[in-house]
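Source file: query_4.txt (compact mmCIF, C-alpha atoms and all ligand atoms)
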```txt
# COMPACT_ATOMS: atom_id res chain seq x y z
CA MET A 102 15.50 152.10 -135.12
CA SER A 103 18.49 154.42 -134.70
CA ARG A 104 16.91 155.87 -131.55
CA ALA A 105 17.56 152.65 -129.57
CA VAL A 106 21.11 153.70 -128.69
CA PHE A 107 21.00 152.00 -125.28
CA LEU A 108 21.04 148.54 -126.86
CA PRO A 109 24.32 146.67 -127.48
CA LYS A 110 25.43 146.52 -131.13
CA PHE A 111 24.43 142.89 -131.75
CA MET A 112 20.85 143.68 -130.71
CA LYS A 113 20.21 146.39 -133.27
CA GLY A 114 18.63 144.29 -136.04
CA THR A 115 14.94 144.58 -136.97
CA ILE A 116 14.15 141.06 -135.73
CA THR A 117 15.78 141.66 -132.31
CA HIS A 118 13.86 144.93 -131.99
CA SER A 119 10.65 143.11 -132.87
CA LEU A 120 11.26 140.40 -130.26
CA PHE A 121 12.12 143.02 -127.67
CA PHE A 122 8.91 144.89 -128.57
CA TYR A 123 6.80 141.71 -128.28
CA THR A 124 8.38 140.68 -124.95
CA THR A 125 7.89 144.16 -123.45
CA ILE A 126 4.23 144.32 -124.55
CA SER A 127 3.47 140.82 -123.26
CA LEU A 128 5.25 141.56 -119.95
CA ILE A 129 3.12 144.69 -119.50
CA SER A 130 -0.10 142.85 -120.31
CA GLU A 131 0.92 139.98 -117.99
CA LEU A 132 1.45 142.47 -115.15
CA ILE A 133 -1.93 144.09 -115.87
CA ASP A 134 -3.61 140.66 -115.89
CA LEU A 135 -1.95 139.46 -112.66
CA PRO A 136 -4.33 141.20 -110.19
CA PHE A 137 -7.33 139.94 -112.21
CA SER A 138 -5.94 136.40 -112.14
CA TYR A 139 -5.38 136.73 -108.40
CA TYR A 140 -8.99 137.85 -107.97
CA ARG A 141 -10.25 134.95 -110.12
CA GLU A 142 -8.31 132.33 -108.16
CA PHE A 143 -8.17 133.65 -104.60
CA VAL A 144 -11.54 135.42 -104.44
CA VAL A 145 -14.02 133.88 -106.92
CA GLU A 146 -12.71 130.28 -107.10
CA GLU A 147 -11.88 130.40 -103.38
CA LYS A 148 -15.42 131.48 -102.52
CA PHE A 149 -16.82 128.36 -104.18
CA GLY A 150 -14.17 126.09 -102.69
CA PHE A 151 -12.32 125.34 -105.95
CA ASN A 152 -9.03 127.07 -105.25
CA LYS A 153 -6.50 124.73 -103.64
CA GLN A 154 -3.23 126.46 -104.52
CA THR A 155 -0.95 128.51 -102.34
CA LEU A 156 0.13 132.02 -103.26
CA GLY A 157 3.69 130.77 -103.86
CA LEU A 158 2.54 128.03 -106.25
CA TRP A 159 0.25 130.44 -108.13
CA LEU A 160 3.16 132.87 -108.60
CA ARG A 161 5.54 130.06 -109.64
CA ASP A 162 3.01 128.81 -112.26
CA HIS A 163 2.57 132.34 -113.63
CA ILE A 164 6.32 132.98 -113.91
CA LEU A 165 6.89 129.57 -115.48
CA ALA A 166 3.98 129.91 -117.96
CA PHE A 167 5.06 133.44 -118.91
CA SER A 168 8.71 132.40 -119.42
CA LEU A 169 7.75 129.34 -121.48
CA ASN A 170 5.32 131.33 -123.57
CA THR A 171 7.88 134.09 -124.14
CA VAL A 172 10.53 131.59 -125.28
CA ILE A 173 8.15 129.72 -127.63
CA VAL A 174 6.58 132.87 -129.12
CA ASN A 175 9.99 134.51 -129.59
CA VAL A 176 11.28 131.45 -131.45
CA VAL A 177 8.15 131.32 -133.65
CA LEU A 178 8.15 135.08 -134.21
CA SER A 179 11.82 135.22 -135.19
CA GLY A 180 11.23 132.34 -137.64
CA LEU A 181 8.23 134.11 -139.20
CA LEU A 182 10.01 137.47 -139.44
CA LYS A 183 13.03 135.79 -141.02
CA ILE A 184 10.73 134.14 -143.59
CA PHE A 185 9.07 137.50 -144.43
CA GLU A 186 12.54 139.02 -144.79
CA ILE A 187 13.95 136.28 -147.05
CA TYR A 188 10.98 135.25 -149.20
CA GLY A 189 9.10 138.55 -149.52
CA GLU A 190 5.68 138.21 -151.14
CA SER A 191 5.92 134.42 -151.57
CA PHE A 192 6.24 133.91 -147.78
CA ILE A 193 2.93 132.02 -147.47
CA ILE A 194 4.21 128.54 -148.53
CA TYR A 195 7.23 128.78 -146.23
CA THR A 196 5.12 130.13 -143.35
CA THR A 197 2.77 127.15 -143.65
CA GLY A 198 5.71 124.69 -143.70
CA PHE A 199 7.30 126.42 -140.71
CA LEU A 200 4.05 126.32 -138.72
CA VAL A 201 3.65 122.58 -139.42
CA VAL A 202 7.10 122.04 -137.85
CA VAL A 203 6.24 124.31 -134.87
CA SER A 204 2.94 122.54 -134.33
CA PHE A 205 4.66 119.11 -134.22
CA ALA A 206 7.38 120.46 -131.92
CA VAL A 207 4.85 121.88 -129.44
CA GLN A 208 2.85 118.60 -129.47
CA SER A 209 6.06 116.64 -128.87
CA LEU A 210 7.07 118.89 -125.99
CA SER A 211 3.67 118.68 -124.28
CA PRO A 212 4.57 115.71 -121.95
CA PHE A 213 7.71 117.58 -120.88
CA ILE A 214 5.80 120.86 -120.36
CA GLY A 215 3.18 119.02 -118.24
CA ARG A 216 5.97 117.81 -115.93
CA LEU A 217 7.18 121.37 -115.34
CA PHE A 218 3.84 122.18 -113.73
CA TYR A 219 2.61 118.93 -112.16
CA LYS A 220 4.09 116.00 -110.28
CA PHE A 221 3.57 112.74 -112.22
CA THR A 222 3.35 109.49 -110.26
CA ALA A 223 2.56 105.98 -111.55
CA LEU A 224 -1.05 104.90 -110.93
CA GLN A 225 -1.13 102.78 -107.74
CA ASP A 226 -4.74 101.52 -107.83
CA GLU A 227 -4.24 98.04 -109.36
CA ASN A 228 -7.94 97.51 -110.12
CA LEU A 229 -8.29 100.80 -111.98
CA LYS A 230 -4.98 100.20 -113.76
CA HIS A 231 -6.12 96.74 -114.88
CA GLN A 232 -9.44 98.10 -116.22
CA ILE A 233 -7.74 100.94 -118.12
CA GLU A 234 -5.18 98.56 -119.62
CA ASN A 235 -7.97 96.23 -120.68
CA LEU A 236 -9.82 99.08 -122.36
CA ALA A 237 -6.69 100.40 -124.10
CA SER A 238 -5.62 96.97 -125.34
CA LYS A 239 -9.01 96.45 -127.04
CA PHE A 240 -8.11 99.27 -129.42
CA ASN A 241 -4.42 98.49 -129.80
CA PHE A 242 -3.39 101.52 -127.75
CA PRO A 243 0.15 100.35 -126.91
CA LYS A 244 0.78 99.26 -123.33
CA THR A 245 1.99 102.41 -121.72
CA ASN A 246 2.53 104.25 -118.47
CA ILE A 247 -0.54 105.49 -116.64
CA PHE A 248 0.19 108.54 -114.53
CA VAL A 249 -1.69 110.39 -111.83
CA ILE A 250 -0.95 114.11 -111.53
CA ASP A 251 -1.42 116.31 -108.49
CA GLY A 252 -4.15 118.54 -109.92
CA SER A 253 -5.48 118.85 -106.35
CA THR A 254 -2.56 121.16 -105.50
CA ARG A 255 -4.15 123.78 -107.80
CA SER A 256 -7.85 123.24 -108.01
CA SER A 257 -10.62 120.77 -107.34
CA HIS A 258 -11.61 120.72 -111.05
CA SER A 259 -10.75 117.37 -112.59
CA ASN A 260 -9.72 115.92 -115.93
CA ALA A 261 -7.91 113.12 -117.79
CA TYR A 262 -6.13 112.89 -121.13
CA PHE A 263 -4.16 110.65 -123.49
CA VAL A 264 -0.87 111.60 -125.12
CA GLY A 265 -0.89 109.69 -128.41
CA LEU A 266 2.22 110.81 -130.30
CA PRO A 267 3.50 108.25 -132.83
CA TRP A 268 6.71 107.85 -130.78
CA TYR A 269 5.43 108.43 -127.25
CA LYS A 270 2.24 107.57 -125.44
CA GLU A 271 0.92 108.06 -121.93
CA ILE A 272 -2.37 108.18 -120.07
CA VAL A 273 -2.72 110.97 -117.51
CA ILE A 274 -5.42 111.20 -114.85
CA PHE A 275 -5.91 114.08 -112.40
CA ASP A 276 -5.95 112.86 -108.77
CA THR A 277 -9.16 114.87 -108.32
CA LEU A 278 -10.90 112.68 -110.94
CA ILE A 279 -9.99 109.47 -109.08
CA GLU A 280 -11.05 111.06 -105.81
CA LYS A 281 -14.52 112.08 -107.07
CA GLN A 282 -15.49 109.31 -109.47
CA THR A 283 -16.09 105.59 -109.14
CA THR A 284 -13.58 103.28 -110.88
CA GLU A 285 -16.13 102.69 -113.68
CA GLY A 286 -16.65 106.45 -113.95
CA VAL A 287 -12.92 107.08 -114.48
CA VAL A 288 -12.75 104.27 -117.06
CA ALA A 289 -15.78 105.75 -118.87
CA VAL A 290 -14.07 109.17 -119.05
CA LEU A 291 -10.96 107.45 -120.44
CA GLY A 292 -13.22 105.64 -122.95
CA HIS A 293 -14.19 109.09 -124.25
CA GLU A 294 -10.51 110.18 -124.34
CA LEU A 295 -9.54 106.95 -126.13
CA GLY A 296 -12.23 107.82 -128.69
CA HIS A 297 -10.38 111.07 -129.47
CA TRP A 298 -7.21 109.03 -130.09
CA LYS A 299 -8.87 106.25 -132.08
CA LEU A 300 -10.78 108.69 -134.31
CA ASN A 301 -7.62 110.76 -134.97
CA HIS A 302 -9.08 113.94 -133.54
CA ILE A 303 -5.72 115.48 -132.56
CA PRO A 304 -4.21 115.31 -136.11
CA LYS A 305 -7.54 116.51 -137.52
CA LEU A 306 -7.60 119.48 -135.12
CA MET A 307 -3.98 120.23 -136.03
CA LEU A 308 -4.96 120.23 -139.71
CA ILE A 309 -7.89 122.58 -139.04
CA GLN A 310 -5.59 124.88 -137.08
CA LEU A 311 -3.11 124.80 -139.93
CA LEU A 312 -5.80 125.73 -142.47
CA ASP A 313 -6.78 128.55 -140.13
CA PHE A 314 -3.16 129.76 -139.98
CA THR A 315 -2.88 129.52 -143.78
CA GLN A 316 -6.00 131.64 -144.12
CA ILE A 317 -4.68 134.14 -141.53
CA PHE A 318 -1.27 134.51 -143.20
CA GLY A 319 -2.73 134.36 -146.71
CA LEU A 320 -4.75 137.45 -145.88
CA PHE A 321 -1.80 138.99 -144.07
CA GLY A 322 -0.06 139.03 -147.47
CA VAL A 323 -2.57 141.69 -148.53
CA PHE A 324 -1.77 143.92 -145.55
CA ILE A 325 1.96 143.50 -144.98
CA TYR A 326 2.89 145.41 -148.15
CA ASN A 327 0.10 147.97 -147.83
CA LYS A 328 1.93 151.23 -147.17
CA SER A 329 -1.25 153.19 -146.40
CA LEU A 330 -1.96 150.89 -143.45
CA TYR A 331 1.41 151.71 -141.90
CA SER A 332 1.24 155.43 -142.68
CA SER A 333 -2.25 155.67 -141.12
CA PHE A 334 -0.58 154.74 -137.85
CA GLY A 335 2.40 157.06 -138.28
CA PHE A 336 4.88 154.58 -139.79
CA THR A 337 5.83 156.60 -142.84
CA ASP A 338 9.63 156.14 -142.91
CA ASN A 339 9.83 152.42 -142.40
CA GLN A 340 7.32 149.58 -142.24
CA PRO A 341 8.54 146.85 -139.88
CA ALA A 342 6.72 143.53 -140.38
CA ILE A 343 6.03 143.26 -136.63
CA VAL A 344 3.98 146.49 -136.75
CA GLY A 345 2.08 145.16 -139.78
CA LEU A 346 1.46 141.94 -137.85
CA VAL A 347 0.15 143.75 -134.76
CA LEU A 348 -2.15 146.02 -136.83
CA TYR A 349 -3.35 143.08 -138.91
CA TRP A 350 -4.12 141.10 -135.72
CA ILE A 351 -6.51 143.89 -134.69
CA ILE A 352 -8.05 144.27 -138.17
CA LYS A 353 -8.67 140.54 -138.63
CA GLU A 354 -10.73 140.23 -135.41
CA PRO A 355 -14.14 140.19 -137.21
CA ILE A 356 -12.85 137.41 -139.51
CA SER A 357 -11.55 135.47 -136.51
CA THR A 358 -15.00 135.65 -135.00
CA ALA A 359 -16.35 133.77 -138.01
CA THR A 360 -13.49 131.24 -138.16
CA ARG A 361 -13.78 130.56 -134.41
CA PHE A 362 -17.39 129.58 -135.07
CA VAL A 363 -16.23 127.12 -137.75
CA THR A 364 -13.45 125.59 -135.60
CA ASN A 365 -15.95 125.23 -132.74
CA ILE A 366 -18.24 123.26 -135.06
CA PHE A 367 -15.44 120.73 -135.57
CA SER A 368 -14.28 120.52 -131.97
CA ARG A 369 -17.90 120.08 -130.78
CA LYS A 370 -18.43 117.41 -133.43
CA PHE A 371 -15.35 115.57 -132.16
CA GLU A 372 -16.68 115.68 -128.59
CA TYR A 373 -19.97 114.13 -129.70
CA GLN A 374 -18.06 111.49 -131.67
CA ALA A 375 -15.86 110.62 -128.66
CA ASP A 376 -18.99 110.35 -126.48
CA GLU A 377 -20.56 108.11 -129.12
CA PHE A 378 -17.40 105.99 -129.12
CA ALA A 379 -17.60 105.56 -125.31
CA LYS A 380 -21.29 104.74 -125.69
CA SER A 381 -20.45 102.02 -128.25
CA LEU A 382 -18.17 100.48 -125.59
CA GLY A 383 -21.13 100.25 -123.24
CA TYR A 384 -20.28 103.31 -121.12
CA GLN A 385 -23.44 105.29 -121.90
CA ASP A 386 -24.62 105.38 -118.27
CA GLU A 387 -21.22 105.58 -116.58
CA LEU A 388 -20.02 108.38 -118.86
CA SER A 389 -23.26 110.33 -118.40
CA LYS A 390 -23.00 110.01 -114.62
CA SER A 391 -19.33 111.03 -114.71
CA LEU A 392 -20.12 114.08 -116.83
CA LEU A 393 -22.93 115.02 -114.46
CA LYS A 394 -20.65 114.67 -111.44
CA LEU A 395 -17.86 116.64 -113.16
CA ASP A 396 -20.25 119.49 -113.86
CA ILE A 397 -21.85 119.41 -110.42
CA ASN A 398 -18.41 119.48 -108.79
CA SER A 399 -17.25 122.30 -111.06
CA SER A 400 -20.53 124.25 -110.75
CA SER A 401 -20.43 124.63 -114.54
CA VAL A 402 -23.15 126.22 -116.64
CA THR A 403 -25.29 123.26 -117.64
CA ASN A 404 -27.63 124.84 -120.18
CA THR A 405 -27.82 127.89 -122.46
CA ASP A 406 -29.41 128.69 -125.79
CA TRP A 407 -28.08 126.29 -128.48
CA LEU A 408 -26.86 129.15 -130.68
CA TYR A 409 -24.96 130.78 -127.80
CA SER A 410 -23.43 127.43 -126.94
CA ALA A 411 -22.51 126.67 -130.58
CA TYR A 412 -20.76 130.02 -130.90
CA TYR A 413 -18.92 130.24 -127.57
CA ASN A 414 -18.23 126.66 -126.52
CA GLY A 415 -15.63 124.37 -128.04
CA HIS A 416 -17.21 121.61 -125.93
CA PRO A 417 -20.97 121.02 -126.00
CA LEU A 418 -22.75 121.73 -122.72
CA LEU A 419 -23.73 118.97 -120.31
CA SER A 420 -27.40 119.05 -121.35
CA GLU A 421 -26.43 118.74 -125.04
CA ARG A 422 -24.05 115.85 -124.37
CA LEU A 423 -26.50 113.97 -122.16
CA SER A 424 -29.26 114.31 -124.70
CA ALA A 425 -26.92 113.12 -127.51
CA LEU A 426 -25.92 110.17 -125.31
CA GLY A 427 -29.61 109.42 -124.78
CA TYR A 428 -29.11 109.30 -121.02
CA ILE A 429 -32.16 108.78 -118.85
CA SER A 430 -31.47 109.31 -115.17
CA LYS A 431 -32.35 106.44 -112.88
CA GLU A 432 -30.62 107.77 -109.81
CA LYS A 433 -29.75 110.94 -108.00
CA ILE A 434 -26.25 112.15 -108.79
CA SER A 435 -24.63 114.18 -106.04
CA ARG A 436 -21.20 115.57 -105.20
CA GLU A 437 -20.39 112.38 -103.32
CA THR A 438 -18.75 109.48 -105.11
CA LYS A 439 -21.57 107.08 -104.37
CA SER A 440 -24.87 107.84 -106.13
CA LYS A 441 -28.28 107.19 -104.59
CA PRO A 442 -31.26 105.61 -106.39
CA LEU A 443 -34.10 108.08 -107.13
CA LYS A 444 -36.64 105.45 -106.16
CA GLU A 445 -36.24 101.91 -104.94
CA ASP A 446 -37.30 99.23 -107.45
ZN ZN A 501 -13.29 115.21 -125.25
```

Written as structure tokens, how would this file's structure read?
Amino acid sequence: MSRAVFLPKFMKGTITHSLFFYTTISLISELIDLPFSYYREFVVEEKFGFNKQTLGLWLRDHILAFSLNTVIVNVVLSGLLKIFEIYGESFIIYTTGFLVVVSFAVQSLSPFIGRLFYKFTALQDENLKHQIENLASKFNFPKTNIFVIDGSTRSSHSNAYFVGLPWYKEIVIFDTLIEKQTTEGVVAVLGHELGHWKLNHIPKLMLIQLLDFTQIFGLFGVFIYNKSLYSSFGFTDNQPAIVGLVLYWIIKEPISTATRFVTNIFSRKFEYQADEFAKSLGYQDELSKSLLKLDINSSSVTNTDWLYSAYYNGHPLLSERLSALGYISKEKISRETKSKPLKED
């Protein structure tokens, strides 16, 4: 620590050093990733016609995302390091409590963060608005603002989501979804999203994530005070918690592989449940057609081995969802909004 003579006096504490270390490492890895991201967006996505963003917008998004991430992680990291410092070996209870607060704060900030990246405008299509409001009111989703965001400025991939915080609610639809789907198709997708809200999937996922964090930090307790771990990597004089955290993050990778599999089981289960919810509202066909169109337009992988899919995908694949929905195709689904009958009756 004494070697960092170039730093001003107030920045010479262990926590400041740790934050400086984290920020430098993440800046380096961001710079390394930048050309790959450029290739992904402006070569691969461009080749298939998905990329809609300008170079300036891509750079602005990267700078904004990196800055936001750095601020949030630095706040979380300084909180965690302070807890390790104050509570020593009994840090686990306080870490869990702290992460509950962080998790709520990030959820609460999500509408604000969305607005930093996208332009939100009130939904103009009165017919669509009326149908969405009708659907939401059936399940006591409070009357709220329905926004359209300019996803088309980035990519032609489309989406929709609900923000269902106890104190703030909104429904957000990508303009690309409205552009590519029929009104019924958009409502069917929102039926699925409403299912996530009605079945409390967000709090359940937060709880699963919290259990995961508890498991991660519970095990970290074994490593953080293990002097041989530090000395194996040359840290014989002092053992800063940040170094223990970095080493532990590498060591725990095989365990994370197993826990990722478990969290995927839950998130896939929730997707099936939300589809089932939309089906119970009578959207079996419309949702299936929307999902088909979404995947056709995104050129997504539609089928793989079930075990591969269960391990790697938090969302079930199109073929798995359609078969769970019991969808039988009666018409040809194409990229165009209007679908054509397979055969005339
Ligand atoms: Zn979903």

Self-check item: A:Leu330, A:Ala206, A:Ile214, A:Ala261 ranked by distance to Val347 (chain A), top pick (using all atoms listed in the file)
Solution: A:Leu330

Given 3 Å of margin on each side, can you work out the centre and size in Å (one decimal) of an axis-aligned box holding every listed atom of region 192-202 of chain A, as AutoDock Vina command-line options?
```
--center_x 5.0 --center_y 128.0 --center_z -143.2 --size_x 10.5 --size_y 17.9 --size_z 16.7
```

Per residue of chain A within 8 Å of ligand ZN 501 (chain A), record the nearest atom pair and its distance in Å to one decimal, counting all atoms listed in the file, with rows in chain order and ascending residue number, as JSON lines.
```
{"residue": "A:His293", "atom": "CA", "partner": "A:ZN501", "partner_atom": "ZN", "distance": 6.3}
{"residue": "A:Glu294", "atom": "CA", "partner": "A:ZN501", "partner_atom": "ZN", "distance": 5.8}
{"residue": "A:His297", "atom": "CA", "partner": "A:ZN501", "partner_atom": "ZN", "distance": 6.6}
{"residue": "A:Phe371", "atom": "CA", "partner": "A:ZN501", "partner_atom": "ZN", "distance": 7.2}
{"residue": "A:Glu372", "atom": "CA", "partner": "A:ZN501", "partner_atom": "ZN", "distance": 4.8}
{"residue": "A:Ala375", "atom": "CA", "partner": "A:ZN501", "partner_atom": "ZN", "distance": 6.3}
{"residue": "A:Asp376", "atom": "CA", "partner": "A:ZN501", "partner_atom": "ZN", "distance": 7.6}
{"residue": "A:His416", "atom": "CA", "partner": "A:ZN501", "partner_atom": "ZN", "distance": 7.5}
```

Quiz item: Of the residues A:Leu229, A:Leu169, A:Ser211, A:Leu156, which is the one nearest to Thr283 (chain A), using all atoms listed in the file?
Solution: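 Closest residue, counting all atoms listed in the file: A:Leu229.
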
Quiz item: When distances are computed from only C-alpha atoms, which of A:Ser256, A:Gly198, A:Phe137, A:Val273 shows the smallest separation from Ala223 (chain A)?
Solution: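 Closest residue, counting only C-alpha atoms: A:Val273.
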
Exercise. Tell me which of A:Val207, A:Leu278, A:Ile325, A:Ile164 sits closest to Ser191 (chain A), counting only C-alpha atoms.
Key: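 Using only C-alpha atoms, Ser191 (chain A) sits closest to A:Ile325.
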
Under the rule of at most 9 Å, produce a per-residue listing of region 273-346 of chain A near region 377-388 of chain A: chain, number, name, the closest pair of atoms, and the distance in Å, as a tab-separated table, using all atoms listed in the file.
```
residue	atom	partner	partner_atom	distance
A:Glu285	CA	A:Glu387	CA	6.5
A:Gly286	CA	A:Glu387	CA	5.3
A:Val287	CA	A:Leu388	CA	8.4
A:Val288	CA	A:Leu388	CA	8.5
A:Ala289	CA	A:Leu388	CA	5.0
A:Val290	CA	A:Leu388	CA	6.0
A:Leu291	CA	A:Ala379	CA	8.4
A:Gly292	CA	A:Ala379	CA	5.0
A:His293	CA	A:Ala379	CA	5.0
A:Glu294	CA	A:Ala379	CA	8.5
A:Leu295	CA	A:Ala379	CA	8.2
A:Gly296	CA	A:Phe378	CA	5.5
A:His297	CA	A:Phe378	CA	8.7
A:Leu300	CA	A:Phe378	CA	8.8
```

Quiz item: Quick one: distance from CA of Asn404 (chain A) to CA of Leu418 (chain A) in Å, one decimal?
Solution: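 Between CA of Asn404 (chain A) and CA of Leu418 (chain A) the gap works out to 6.3 Å.
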
Practice problem: List the neighbours of Leu320 (chain A) out to 12 Å using only C-alpha atoms; skip same-chain residues closer than 2 positions along the sequence, and give me the result as a list in words. | Solution: Glu190, Phe192, Ile193, Asp313, Phe314, Thr315, Gln316, Ile317, Phe318, Gly322, Val323, Phe324, Ile325, Tyr326, Asn327, Gly345, Leu346, Tyr349, Trp350, Ile352, Lys353, Ile356 and Ser357 of chain A

Residues just named, written with C-alpha atoms as a JSON list (two decimals), keeping the file's coordinate frame:
```json
[["chain", "number", "residue", "atom", "x", "y", "z"],
["A", 190, "GLU", "CA", 5.68, 138.21, -151.14],
["A", 192, "PHE", "CA", 6.24, 133.91, -147.78],
["A", 193, "ILE", "CA", 2.93, 132.02, -147.47],
["A", 313, "ASP", "CA", -6.78, 128.55, -140.13],
["A", 314, "PHE", "CA", -3.16, 129.76, -139.98],
["A", 315, "THR", "CA", -2.88, 129.52, -143.78],
["A", 316, "GLN", "CA", -6.00, 131.64, -144.12],
["A", 317, "ILE", "CA", -4.68, 134.14, -141.53],
["A", 318, "PHE", "CA", -1.27, 134.51, -143.20],
["A", 322, "GLY", "CA", -0.06, 139.03, -147.47],
["A", 323, "VAL", "CA", -2.57, 141.69, -148.53],
["A", 324, "PHE", "CA", -1.77, 143.92, -145.55],
["A", 325, "ILE", "CA", 1.96, 143.50, -144.98],
["A", 326, "TYR", "CA", 2.89, 145.41, -148.15],
["A", 327, "ASN", "CA", 0.10, 147.97, -147.83],
["A", 345, "GLY", "CA", 2.08, 145.16, -139.78],
["A", 346, "LEU", "CA", 1.46, 141.94, -137.85],
["A", 349, "TYR", "CA", -3.35, 143.08, -138.91],
["A", 350, "TRP", "CA", -4.12, 141.10, -135.72],
["A", 352, "ILE", "CA", -8.05, 144.27, -138.17],
["A", 353, "LYS", "CA", -8.67, 140.54, -138.63],
["A", 356, "ILE", "CA", -12.85, 137.41, -139.51],
["A", 357, "SER", "CA", -11.55, 135.47, -136.51]]
```

Quiz item: Using only C-alpha atoms, which of A:Arg422, A:Lys183, A:Lys239, A:Lys299 sits nearest Gly265 (chain A)?
Solution: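 Of all the options, A:Lys299 lies closest to Gly265 (chain A).
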
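Note that the spacing between CA of His118 (chain A) and CA of Leu210 (chain A) amounts to 27.6 Å.
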
Practice problem: Could you check which of A:Tyr269, A:Glu131, A:Lys113, A:Thr245 is closest to Phe213 (chain A), using only C-alpha atoms? | Solution: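 Answer, going by the shortest atom-to-atom distance: A:Tyr269.
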
Quiz item: Interatomic distance between CA of Phe185 (chain A) and CA of Val172 (chain A)?
Solution: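 Those two atoms sit 20.1 Å apart.
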
Exercise. Excluding Phe336 (chain A) and any residue of its chain fewer than 5 positions from it, enumerate the residues within 12 Å of it, using all atoms listed in the file, and give them as number ranges by chain.
Key: A: 102, 327-331, 341-345, 348
